[in-house]
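Notes follow once the structure below has been shown.
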Amino acid sequence: MTPALGALRRLLCLAPVPAGQSPAFLRDRLIVLPLLTVIAFGSLSLAYGDVHGDSSRIADRTGPALVELTRAEVALDQAQKEADSVLQGPELIGLGQTYPTLITRATQNLNEAAQSPALSAAQRQGLQVVSGLVVDYNGYIGTADRNRDDPTLKKAYLSYALSMLCETTDGTGSTGSTGGAGTPAGCADRTVRGYEATTIQDRIGSLERSLRADLDHEAGWGTGPVILAAVACAAYALLAVGLFRTLTFLKARFRLLSLPLAATVLPLLAVPVLVLGTVQVQHGQAAVRRIADGGLARVSSAAPAVQLSRTAGTAAAPGSIDELQQRIAGAMRRAHCAGWAAVTGFILPAGLFGAAVTGWALLAYRRDYVRVPRREDFQ
């Protein structure tokens with residue numbers, strides 16, 4: 001065995017302690033055990049904080065922002081259908097209260113999404129463009145309403161508004177058309193539409209895809225936390241071995257049961273509990289990702305049947321945005337994310353305190369051992 005490997009085994013408490021080497025053993029433990037404690041608890045604190053920080057961002061930022069964008073998209077789709085049914089109907093009547101209510105609701109949803117900390121500067125700028133397009137879209141619909149007695153102007157402004165909202169298709173299924181006689185234009189099927197963000201729906205869809213990508217990143221384990229967790233596991237294993245061998249050494253050589261060192265073992269017993277809590281939180285994050293990629297992604301395709309909001313005191317309808325929002329909140333609540341996240345601030349202080357106690361105890365034992373005139377009594 002090379003001297004370097006032997007020194008490494010000795011420092012990691014993996015080598016037996018020869019007779020007469022007790023001072024050197026205590027000196028090595030005085031350096032290694034506090035250092036391993038700091039590394040183990042520091043790595044665990046960073047990895048744990050990263051995972052639980054992601055859960056906070058999902059619950060308070062990314063998830064709500066996605067819900068608000070979906071609400072805005074559905075409200076705009078329903079507003080367009082309301083305008084079509086009223087202005088292209090057999091009776092020449094005004095828009096009434098339903099259309100303005102839907103537009104106001106969509107504007108509020110966009111504003112709430114824009115205020116979310118989940119959005120980056122580029123995403124927030126894109127959302128501001130969408131809000132401006134909604135104002136222009138509403139202006140075209142209002143002009144069509146004011147010219148409802150003139151079929152030509154009314155149809156022209158409705159076509160302009162529809163082309164701002166979405167990629168259009170006529171009754172034959174060809175996209176980009178504003179509709180011919182007898183074949184009113186409508187929004188193209190979003191599953192066959194391109195990804196160039198030009199219309200309102202395209203831009204909202206692009207923002208939703210960007211936020212879902214952020215959600216996928218937040219709900220995943222990530223390279224950094226995995227590396228930190230591996231370092232923490234290795235350090236904890238070496239620390240446990242080192243504490244056990246040190247306690248055994250003190251019992252055999254000093255006839256001493258070290259209560260301070262035994263107490264530093266107690267925080268190690270909490271590590272499996274924290275690991276289980278982290279796995280539980282990550283499962284909650286994965287459930288939110290499935291809801292976002294599934295329910296929220298499909299809800300706009302069934303916009304006419306989607307319930308935007310519900311009356312207070314009534315249950316959310318299955319498939320409604322409220323029901324999906326409740327499922328997101330329920331997934332994070334069942335994972336007890338807030339409770340587990342509250343532990344983050346105690347991990348590193350516990351490690352530093354344990355390192356200080358370990359260093360103080362070993363320094364005292366080494367000092368007392370050196371003062372003993374007959375070391376052979378302890379060998």
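Scheme for the structure tokens: letters A, B, ... for chains in order shown; per-chain residue numbers from 1; ligand numbers from 1 in order shown.
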
If we count only C-alpha atoms, what is near region 205-220 of chain A at a cut-off of 10 Å, once residues fewer than 2 positions away on the same chain are taken out, given as a CSV table (one decimal) with N, CA, C and O atoms, in the first residue's frame?
```csv
chain,number,residue,atom,x,y,z
A,50,ASP,N,-32.4,23.9,-2.8
A,50,ASP,CA,-32.7,24.0,-4.2
A,50,ASP,C,-34.0,23.3,-4.5
A,50,ASP,O,-34.9,23.9,-5.2
A,51,VAL,N,-34.2,22.1,-4.1
A,51,VAL,CA,-35.4,21.4,-4.4
A,51,VAL,C,-36.7,22.0,-3.8
A,51,VAL,O,-37.7,22.2,-4.5
A,52,HIS,N,-36.6,22.4,-2.5
A,52,HIS,CA,-37.7,23.0,-1.9
A,52,HIS,C,-38.0,24.5,-2.3
A,52,HIS,O,-39.1,25.0,-2.3
A,53,GLY,N,-36.9,25.2,-2.8
A,53,GLY,CA,-37.1,26.5,-3.4
A,53,GLY,C,-37.9,26.3,-4.7
A,53,GLY,O,-38.7,27.2,-5.0
A,54,ASP,N,-37.6,25.3,-5.5
A,54,ASP,CA,-38.4,25.0,-6.7
A,54,ASP,C,-39.8,24.8,-6.4
A,54,ASP,O,-40.7,25.3,-7.1
A,55,SER,N,-40.1,24.1,-5.3
A,55,SER,CA,-41.5,23.8,-5.0
A,55,SER,C,-42.2,25.1,-4.6
A,55,SER,O,-43.4,25.3,-5.0
A,56,SER,N,-41.5,26.0,-4.0
A,56,SER,CA,-42.1,27.3,-3.7
A,56,SER,C,-42.4,28.1,-4.9
A,56,SER,O,-43.5,28.8,-5.1
A,57,ARG,N,-41.5,28.1,-5.9
A,57,ARG,CA,-41.7,28.8,-7.2
A,57,ARG,C,-42.8,28.2,-8.0
A,57,ARG,O,-43.6,28.9,-8.6
A,58,ILE,N,-42.9,26.9,-7.9
A,58,ILE,CA,-44.0,26.2,-8.7
A,58,ILE,C,-45.4,26.6,-8.1
A,58,ILE,O,-46.3,27.0,-8.8
A,61,ARG,N,-45.6,30.9,-8.1
A,61,ARG,CA,-45.2,31.7,-9.3
A,61,ARG,C,-45.6,31.0,-10.6
A,61,ARG,O,-46.5,31.4,-11.3
A,62,THR,N,-44.9,30.0,-10.9
A,62,THR,CA,-45.1,29.4,-12.3
A,62,THR,C,-46.5,28.8,-12.5
A,62,THR,O,-47.1,29.0,-13.5
A,63,GLY,N,-47.0,28.0,-11.5
A,63,GLY,CA,-48.3,27.5,-11.6
A,63,GLY,C,-49.4,28.5,-11.7
A,63,GLY,O,-50.2,28.4,-12.7
A,65,ALA,N,-49.1,31.6,-12.8
A,65,ALA,CA,-49.0,32.3,-14.0
A,65,ALA,C,-49.5,31.5,-15.2
A,65,ALA,O,-50.2,32.1,-16.1
A,66,LEU,N,-49.3,30.2,-15.2
A,66,LEU,CA,-49.8,29.4,-16.3
A,66,LEU,C,-51.4,29.3,-16.2
A,66,LEU,O,-52.0,29.4,-17.3
A,67,VAL,N,-51.9,29.3,-15.0
A,67,VAL,CA,-53.4,29.3,-14.9
A,67,VAL,C,-54.0,30.6,-15.4
A,67,VAL,O,-55.0,30.6,-16.2
A,69,LEU,N,-52.7,32.7,-17.7
A,69,LEU,CA,-52.6,32.7,-19.1
A,69,LEU,C,-53.6,31.8,-19.8
A,69,LEU,O,-54.2,32.2,-20.8
A,70,THR,N,-53.9,30.7,-19.2
A,70,THR,CA,-55.0,29.8,-19.7
A,70,THR,C,-56.3,30.5,-19.6
A,70,THR,O,-57.1,30.4,-20.6
A,73,GLU,N,-56.6,33.1,-22.3
A,73,GLU,CA,-56.7,32.5,-23.7
A,73,GLU,C,-58.2,32.0,-23.9
A,73,GLU,O,-58.8,32.2,-24.9
A,118,ALA,N,-42.7,34.9,-11.8
A,118,ALA,CA,-42.3,33.7,-12.6
A,118,ALA,C,-41.8,34.1,-14.0
A,118,ALA,O,-41.0,33.4,-14.6
A,119,LEU,N,-42.2,35.3,-14.5
A,119,LEU,CA,-41.9,35.7,-15.8
A,119,LEU,C,-40.5,36.4,-15.8
A,119,LEU,O,-40.2,37.2,-15.0
A,120,SER,N,-39.8,36.0,-16.8
A,120,SER,CA,-38.5,36.7,-17.1
A,120,SER,C,-38.8,38.1,-17.8
A,120,SER,O,-39.9,38.4,-18.1
A,122,ALA,N,-37.9,39.0,-20.8
A,122,ALA,CA,-38.4,38.8,-22.1
A,122,ALA,C,-39.8,38.3,-22.2
A,122,ALA,O,-40.6,38.7,-23.0
A,123,GLN,N,-40.1,37.4,-21.2
A,123,GLN,CA,-41.5,36.9,-21.2
A,123,GLN,C,-42.5,38.0,-20.8
A,123,GLN,O,-43.6,38.1,-21.4
A,124,ARG,N,-42.1,38.9,-19.9
A,124,ARG,CA,-43.0,40.0,-19.5
A,124,ARG,C,-43.1,41.0,-20.7
A,124,ARG,O,-44.2,41.5,-20.9
A,126,GLY,N,-43.0,40.2,-23.8
A,126,GLY,CA,-43.9,39.5,-24.8
A,126,GLY,C,-45.4,39.6,-24.3
A,126,GLY,O,-46.3,39.8,-25.2
A,127,LEU,N,-45.6,39.5,-23.0
A,127,LEU,CA,-47.0,39.6,-22.5
A,127,LEU,C,-47.5,41.1,-22.7
A,127,LEU,O,-48.7,41.3,-22.9
A,190,ARG,N,-55.6,24.4,-33.5
A,190,ARG,CA,-54.3,24.7,-32.9
A,190,ARG,C,-53.3,23.6,-33.0
A,190,ARG,O,-52.1,23.7,-32.8
A,195,TYR,N,-45.8,27.5,-35.3
A,195,TYR,CA,-45.3,28.0,-34.0
A,195,TYR,C,-44.8,29.4,-34.1
A,195,TYR,O,-44.2,29.9,-33.1
A,196,GLU,N,-45.0,30.1,-35.2
A,196,GLU,CA,-44.5,31.5,-35.3
A,196,GLU,C,-45.5,32.3,-34.5
A,196,GLU,O,-46.7,32.4,-34.7
A,197,ALA,N,-44.9,33.1,-33.5
A,197,ALA,CA,-45.8,33.8,-32.6
A,197,ALA,C,-46.1,35.2,-33.3
A,197,ALA,O,-45.4,36.2,-33.2
A,198,THR,N,-47.2,35.2,-34.0
A,198,THR,CA,-47.7,36.5,-34.6
A,198,THR,C,-49.0,36.9,-34.1
A,198,THR,O,-49.2,38.1,-33.8
A,199,THR,N,-50.0,36.0,-33.9
A,199,THR,CA,-51.3,36.4,-33.5
A,199,THR,C,-51.3,36.4,-31.9
A,199,THR,O,-50.4,35.9,-31.3
A,200,ILE,N,-52.5,36.8,-31.4
A,200,ILE,CA,-52.6,36.8,-29.9
A,200,ILE,C,-52.5,35.4,-29.4
A,200,ILE,O,-51.8,35.1,-28.4
A,201,GLN,N,-53.2,34.4,-30.0
A,201,GLN,CA,-53.2,33.1,-29.5
A,201,GLN,C,-51.8,32.5,-29.7
A,201,GLN,O,-51.3,31.7,-28.8
A,202,ASP,N,-51.1,32.8,-30.7
A,202,ASP,CA,-49.8,32.3,-30.9
A,202,ASP,C,-48.8,32.8,-29.9
A,202,ASP,O,-48.0,32.0,-29.3
A,203,ARG,N,-48.9,34.0,-29.6
A,203,ARG,CA,-48.0,34.6,-28.6
A,203,ARG,C,-48.3,34.1,-27.2
A,203,ARG,O,-47.4,33.8,-26.4
A,222,GLY,N,-32.6,18.1,-11.4
A,222,GLY,CA,-31.5,19.0,-11.7
A,222,GLY,C,-30.1,18.5,-11.4
A,222,GLY,O,-29.9,17.6,-10.5
A,223,THR,N,-29.2,18.9,-12.2
A,223,THR,CA,-27.8,18.3,-12.1
A,223,THR,C,-27.1,18.8,-10.8
A,223,THR,O,-26.5,18.0,-10.1
A,225,PRO,N,-28.4,19.8,-7.7
A,225,PRO,CA,-28.9,19.1,-6.5
A,225,PRO,C,-28.4,17.6,-6.5
A,225,PRO,O,-28.1,17.1,-5.4
A,281,VAL,N,-41.9,15.8,-1.8
A,281,VAL,CA,-42.1,17.2,-2.4
A,281,VAL,C,-41.9,17.0,-3.9
A,281,VAL,O,-42.6,17.6,-4.8
A,282,GLN,N,-40.9,16.3,-4.4
A,282,GLN,CA,-40.6,16.1,-5.8
A,282,GLN,C,-41.7,15.4,-6.5
A,282,GLN,O,-42.1,15.8,-7.6
A,283,HIS,N,-42.4,14.5,-5.8
A,283,HIS,CA,-43.6,13.8,-6.4
A,283,HIS,C,-44.7,14.8,-6.6
A,283,HIS,O,-45.4,14.8,-7.6
A,284,GLY,N,-44.8,15.7,-5.6
A,284,GLY,CA,-45.9,16.8,-5.8
A,284,GLY,C,-45.5,17.7,-7.0
A,284,GLY,O,-46.4,18.1,-7.7
A,285,GLN,N,-44.3,18.1,-7.1
A,285,GLN,CA,-43.9,18.9,-8.3
A,285,GLN,C,-44.2,18.1,-9.6
A,285,GLN,O,-44.6,18.8,-10.6
A,286,ALA,N,-43.9,16.8,-9.6
A,286,ALA,CA,-44.1,16.1,-10.9
A,286,ALA,C,-45.6,16.0,-11.2
A,286,ALA,O,-46.0,16.0,-12.3
A,287,ALA,N,-46.5,16.0,-10.1
A,287,ALA,CA,-47.9,15.9,-10.3
A,287,ALA,C,-48.4,17.3,-10.9
A,287,ALA,O,-49.2,17.3,-11.8
A,288,VAL,N,-47.8,18.4,-10.4
A,288,VAL,CA,-48.2,19.7,-11.0
A,288,VAL,C,-47.7,19.7,-12.5
A,288,VAL,O,-48.5,20.3,-13.3
A,289,ARG,N,-46.6,19.2,-12.8
A,289,ARG,CA,-46.1,19.2,-14.2
A,289,ARG,C,-47.1,18.4,-15.1
A,289,ARG,O,-47.4,18.8,-16.2
A,290,ARG,N,-47.6,17.3,-14.6
A,290,ARG,CA,-48.5,16.5,-15.3
A,290,ARG,C,-49.8,17.2,-15.6
A,290,ARG,O,-50.4,17.1,-16.7
A,292,ALA,N,-50.2,20.5,-15.7
A,292,ALA,CA,-49.9,21.6,-16.6
A,292,ALA,C,-49.7,21.1,-18.0
A,292,ALA,O,-50.3,21.7,-19.0
A,293,ASP,N,-49.0,20.0,-18.2
A,293,ASP,CA,-48.8,19.4,-19.5
A,293,ASP,C,-50.1,18.7,-20.1
A,293,ASP,O,-50.2,18.5,-21.3
A,296,LEU,N,-54.2,21.6,-18.4
A,296,LEU,CA,-54.1,23.0,-18.8
A,296,LEU,C,-53.8,23.1,-20.3
A,296,LEU,O,-54.2,24.1,-20.9
A,297,ALA,N,-53.0,22.2,-20.8
A,297,ALA,CA,-52.6,22.3,-22.2
A,297,ALA,C,-53.8,21.9,-23.1
A,297,ALA,O,-53.9,22.4,-24.2
```

Which residue, A:Arg255, A:Ala232, A:Val299, A:Asp77, has the smallest gap to Leu324 (chain A) when you use only C-alpha atoms? A:Val299

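Counting from CA of Ala75 (chain A), the distance to CA of Ala161 (chain A) is 15.0 Å.
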
Per DSSP on the backbone, filter region 68-155 of chain A down to the residues in helix (DSSP H, G or I) and report them as a ChimeraX atom specification. /A:68-87,98-114,121-146,151-155

May I have the residues within 7 Å of Thr143 (chain A) as a list in words, using only C-alpha atoms and disregarding those fewer than 4 positions away in the same chain? Gly139, Asn147 and Tyr157 of chain A

How about saving the chosen residues, all heavy atoms kept, as a PDB file, in the first residue's frame?
```
ATOM      1  N   GLY A 139     -60.692  47.019 -30.170  1.00  0.00           N
ATOM      2  CA  GLY A 139     -61.079  48.183 -30.964  1.00  0.00           C
ATOM      3  C   GLY A 139     -61.728  47.790 -32.276  1.00  0.00           C
ATOM      4  O   GLY A 139     -62.739  48.389 -32.693  1.00  0.00           O
ATOM      5  N   ASN A 147     -70.679  49.601 -36.693  1.00  0.00           N
ATOM      6  CA  ASN A 147     -71.059  49.557 -38.111  1.00  0.00           C
ATOM      7  C   ASN A 147     -71.876  48.297 -38.427  1.00  0.00           C
ATOM      8  O   ASN A 147     -71.813  47.773 -39.536  1.00  0.00           O
ATOM      9  CB  ASN A 147     -69.802  49.576 -38.991  1.00  0.00           C
ATOM     10  CG  ASN A 147     -69.083  50.905 -38.947  1.00  0.00           C
ATOM     11  OD1 ASN A 147     -69.425  51.843 -39.658  1.00  0.00           O
ATOM     12  ND2 ASN A 147     -68.064  50.972 -38.093  1.00  0.00           N
ATOM     13  N   TYR A 157     -64.212  44.449 -40.446  1.00  0.00           N
ATOM     14  CA  TYR A 157     -63.609  44.648 -39.124  1.00  0.00           C
ATOM     15  C   TYR A 157     -63.607  43.365 -38.313  1.00  0.00           C
ATOM     16  O   TYR A 157     -62.668  43.107 -37.542  1.00  0.00           O
ATOM     17  CB  TYR A 157     -64.341  45.769 -38.380  1.00  0.00           C
ATOM     18  CG  TYR A 157     -63.942  47.147 -38.858  1.00  0.00           C
ATOM     19  CD1 TYR A 157     -64.854  47.959 -39.534  1.00  0.00           C
ATOM     20  CD2 TYR A 157     -62.663  47.634 -38.651  1.00  0.00           C
ATOM     21  CE1 TYR A 157     -64.494  49.219 -39.987  1.00  0.00           C
ATOM     22  CE2 TYR A 157     -62.285  48.889 -39.097  1.00  0.00           C
ATOM     23  CZ  TYR A 157     -63.201  49.674 -39.770  1.00  0.00           C
ATOM     24  OH  TYR A 157     -62.829  50.908 -40.214  1.00  0.00           O
TER      25      TYR A 157
END
```

All residues 9 Å or closer to Gln78 (chain A), only C-alpha atoms, same chain fewer than 2 positions away omitted, as an MDAnalysis selection string: chainID A and resid 73:76 80:83 99 102 303:304

Could you find all residues in region 106-263 of chain A that DSSP calls strand (DSSP E or B) from the backbone, and write them as a VMD selection string? chain A and resid 168 to 169 175 179 to 180 183 to 184 186 to 187

One decimal, in Å: what's the spacing between CA of Trp221 (chain A) and CA of Ala329 (chain A)? 20.4 Å

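Relative to CA of Arg245 (chain A), CA of Ala262 (chain A) is found at 11.6 Å.
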
Pick out the residues sitting within 10 Å of Gln88 (chain A), and hand them over as a short mmCIF file (atom, residue, chain, number, x, y, z; two decimals) with C-alpha atoms, in the first residue's frame; count only C-alpha atoms, and ignore anything fewer than 6 positions along from it in its own chain.
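Saved file part_6.cif follows:
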```cif
data_model
loop_
_atom_site.label_atom_id
_atom_site.label_comp_id
_atom_site.auth_asym_id
_atom_site.auth_seq_id
_atom_site.Cartn_x
_atom_site.Cartn_y
_atom_site.Cartn_z
CA GLU A 82 -69.76 35.79 -28.54
CA ARG A 148 -73.41 46.60 -37.68
CA PRO A 151 -72.62 44.35 -43.62
CA LYS A 154 -68.91 44.91 -40.20
CA LYS A 155 -67.52 41.82 -41.91
CA LEU A 158 -64.62 41.24 -37.77
CA PRO A 184 -67.36 32.36 -42.41
#
```

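Near Ala350 (chain A), within a cut-off of 10 Å and counting only C-alpha atoms, sit the residues Thr37, Val38, Phe41, Gly42, Thr264, Pro267, Gly345, Ala355 and Ala356 of chain A, with same-chain residues fewer than 5 positions away left out.
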
Write the residues you've just listed into a file as a PDB file, in the first residue's frame, and include all heavy atoms for each of them.
```pdb
ATOM      1  N   THR A  37     -18.375  17.092   8.829  1.00  0.00           N
ATOM      2  CA  THR A  37     -19.688  17.580   9.286  1.00  0.00           C
ATOM      3  C   THR A  37     -20.120  18.809   8.496  1.00  0.00           C
ATOM      4  O   THR A  37     -21.267  18.907   8.044  1.00  0.00           O
ATOM      5  CB  THR A  37     -19.628  17.919  10.792  1.00  0.00           C
ATOM      6  OG1 THR A  37     -19.217  16.759  11.520  1.00  0.00           O
ATOM      7  CG2 THR A  37     -20.981  18.370  11.291  1.00  0.00           C
ATOM      8  N   VAL A  38     -19.196  19.741   8.301  1.00  0.00           N
ATOM      9  CA  VAL A  38     -19.529  20.955   7.543  1.00  0.00           C
ATOM     10  C   VAL A  38     -19.852  20.607   6.092  1.00  0.00           C
ATOM     11  O   VAL A  38     -20.814  21.128   5.503  1.00  0.00           O
ATOM     12  CB  VAL A  38     -18.372  21.959   7.627  1.00  0.00           C
ATOM     13  CG1 VAL A  38     -18.614  23.148   6.697  1.00  0.00           C
ATOM     14  CG2 VAL A  38     -18.203  22.453   9.059  1.00  0.00           C
ATOM     15  N   PHE A  41     -23.404  18.630   5.963  1.00  0.00           N
ATOM     16  CA  PHE A  41     -24.576  19.468   6.212  1.00  0.00           C
ATOM     17  C   PHE A  41     -24.649  20.633   5.235  1.00  0.00           C
ATOM     18  O   PHE A  41     -25.742  21.072   4.871  1.00  0.00           O
ATOM     19  CB  PHE A  41     -24.561  19.978   7.656  1.00  0.00           C
ATOM     20  CG  PHE A  41     -25.022  18.955   8.649  1.00  0.00           C
ATOM     21  CD1 PHE A  41     -24.136  18.041   9.193  1.00  0.00           C
ATOM     22  CD2 PHE A  41     -26.347  18.890   9.034  1.00  0.00           C
ATOM     23  CE1 PHE A  41     -24.565  17.093  10.111  1.00  0.00           C
ATOM     24  CE2 PHE A  41     -26.784  17.958   9.948  1.00  0.00           C
ATOM     25  CZ  PHE A  41     -25.885  17.039  10.484  1.00  0.00           C
ATOM     26  N   GLY A  42     -23.495  21.154   4.809  1.00  0.00           N
ATOM     27  CA  GLY A  42     -23.523  22.231   3.816  1.00  0.00           C
ATOM     28  C   GLY A  42     -24.066  21.754   2.486  1.00  0.00           C
ATOM     29  O   GLY A  42     -24.907  22.425   1.866  1.00  0.00           O
ATOM     30  N   THR A 264     -23.776  14.310  18.726  1.00  0.00           N
ATOM     31  CA  THR A 264     -23.661  14.760  17.338  1.00  0.00           C
ATOM     32  C   THR A 264     -24.180  13.718  16.351  1.00  0.00           C
ATOM     33  O   THR A 264     -24.356  14.021  15.166  1.00  0.00           O
ATOM     34  CB  THR A 264     -22.197  15.075  16.997  1.00  0.00           C
ATOM     35  OG1 THR A 264     -21.391  13.893  17.172  1.00  0.00           O
ATOM     36  CG2 THR A 264     -21.669  16.191  17.884  1.00  0.00           C
ATOM     37  N   PRO A 267     -28.334  14.412  14.901  1.00  0.00           N
ATOM     38  CA  PRO A 267     -28.754  15.045  13.636  1.00  0.00           C
ATOM     39  C   PRO A 267     -28.648  14.127  12.428  1.00  0.00           C
ATOM     40  O   PRO A 267     -29.408  14.272  11.472  1.00  0.00           O
ATOM     41  CB  PRO A 267     -27.808  16.248  13.510  1.00  0.00           C
ATOM     42  CG  PRO A 267     -27.374  16.537  14.902  1.00  0.00           C
ATOM     43  CD  PRO A 267     -27.306  15.210  15.578  1.00  0.00           C
ATOM     44  N   GLY A 345     -33.654  26.331   6.715  1.00  0.00           N
ATOM     45  CA  GLY A 345     -32.794  27.254   7.452  1.00  0.00           C
ATOM     46  C   GLY A 345     -32.116  26.660   8.667  1.00  0.00           C
ATOM     47  O   GLY A 345     -31.225  27.298   9.244  1.00  0.00           O
ATOM     48  N   ALA A 355     -20.271  20.513  14.256  1.00  0.00           N
ATOM     49  CA  ALA A 355     -18.834  20.581  14.009  1.00  0.00           C
ATOM     50  C   ALA A 355     -18.120  21.249  15.181  1.00  0.00           C
ATOM     51  O   ALA A 355     -17.026  20.814  15.592  1.00  0.00           O
ATOM     52  CB  ALA A 355     -18.573  21.345  12.714  1.00  0.00           C
ATOM     53  N   ALA A 356     -18.730  22.295  15.731  1.00  0.00           N
ATOM     54  CA  ALA A 356     -18.120  22.984  16.873  1.00  0.00           C
ATOM     55  C   ALA A 356     -18.062  22.078  18.101  1.00  0.00           C
ATOM     56  O   ALA A 356     -17.036  22.034  18.803  1.00  0.00           O
ATOM     57  CB  ALA A 356     -18.906  24.259  17.185  1.00  0.00           C
TER      58      ALA A 356
END
```

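Considering only C-alpha atoms, the residue among A:Glu112, A:Val357, A:Ala234, A:Leu87 positioned nearest to Asp149 (chain A) is A:Leu87.
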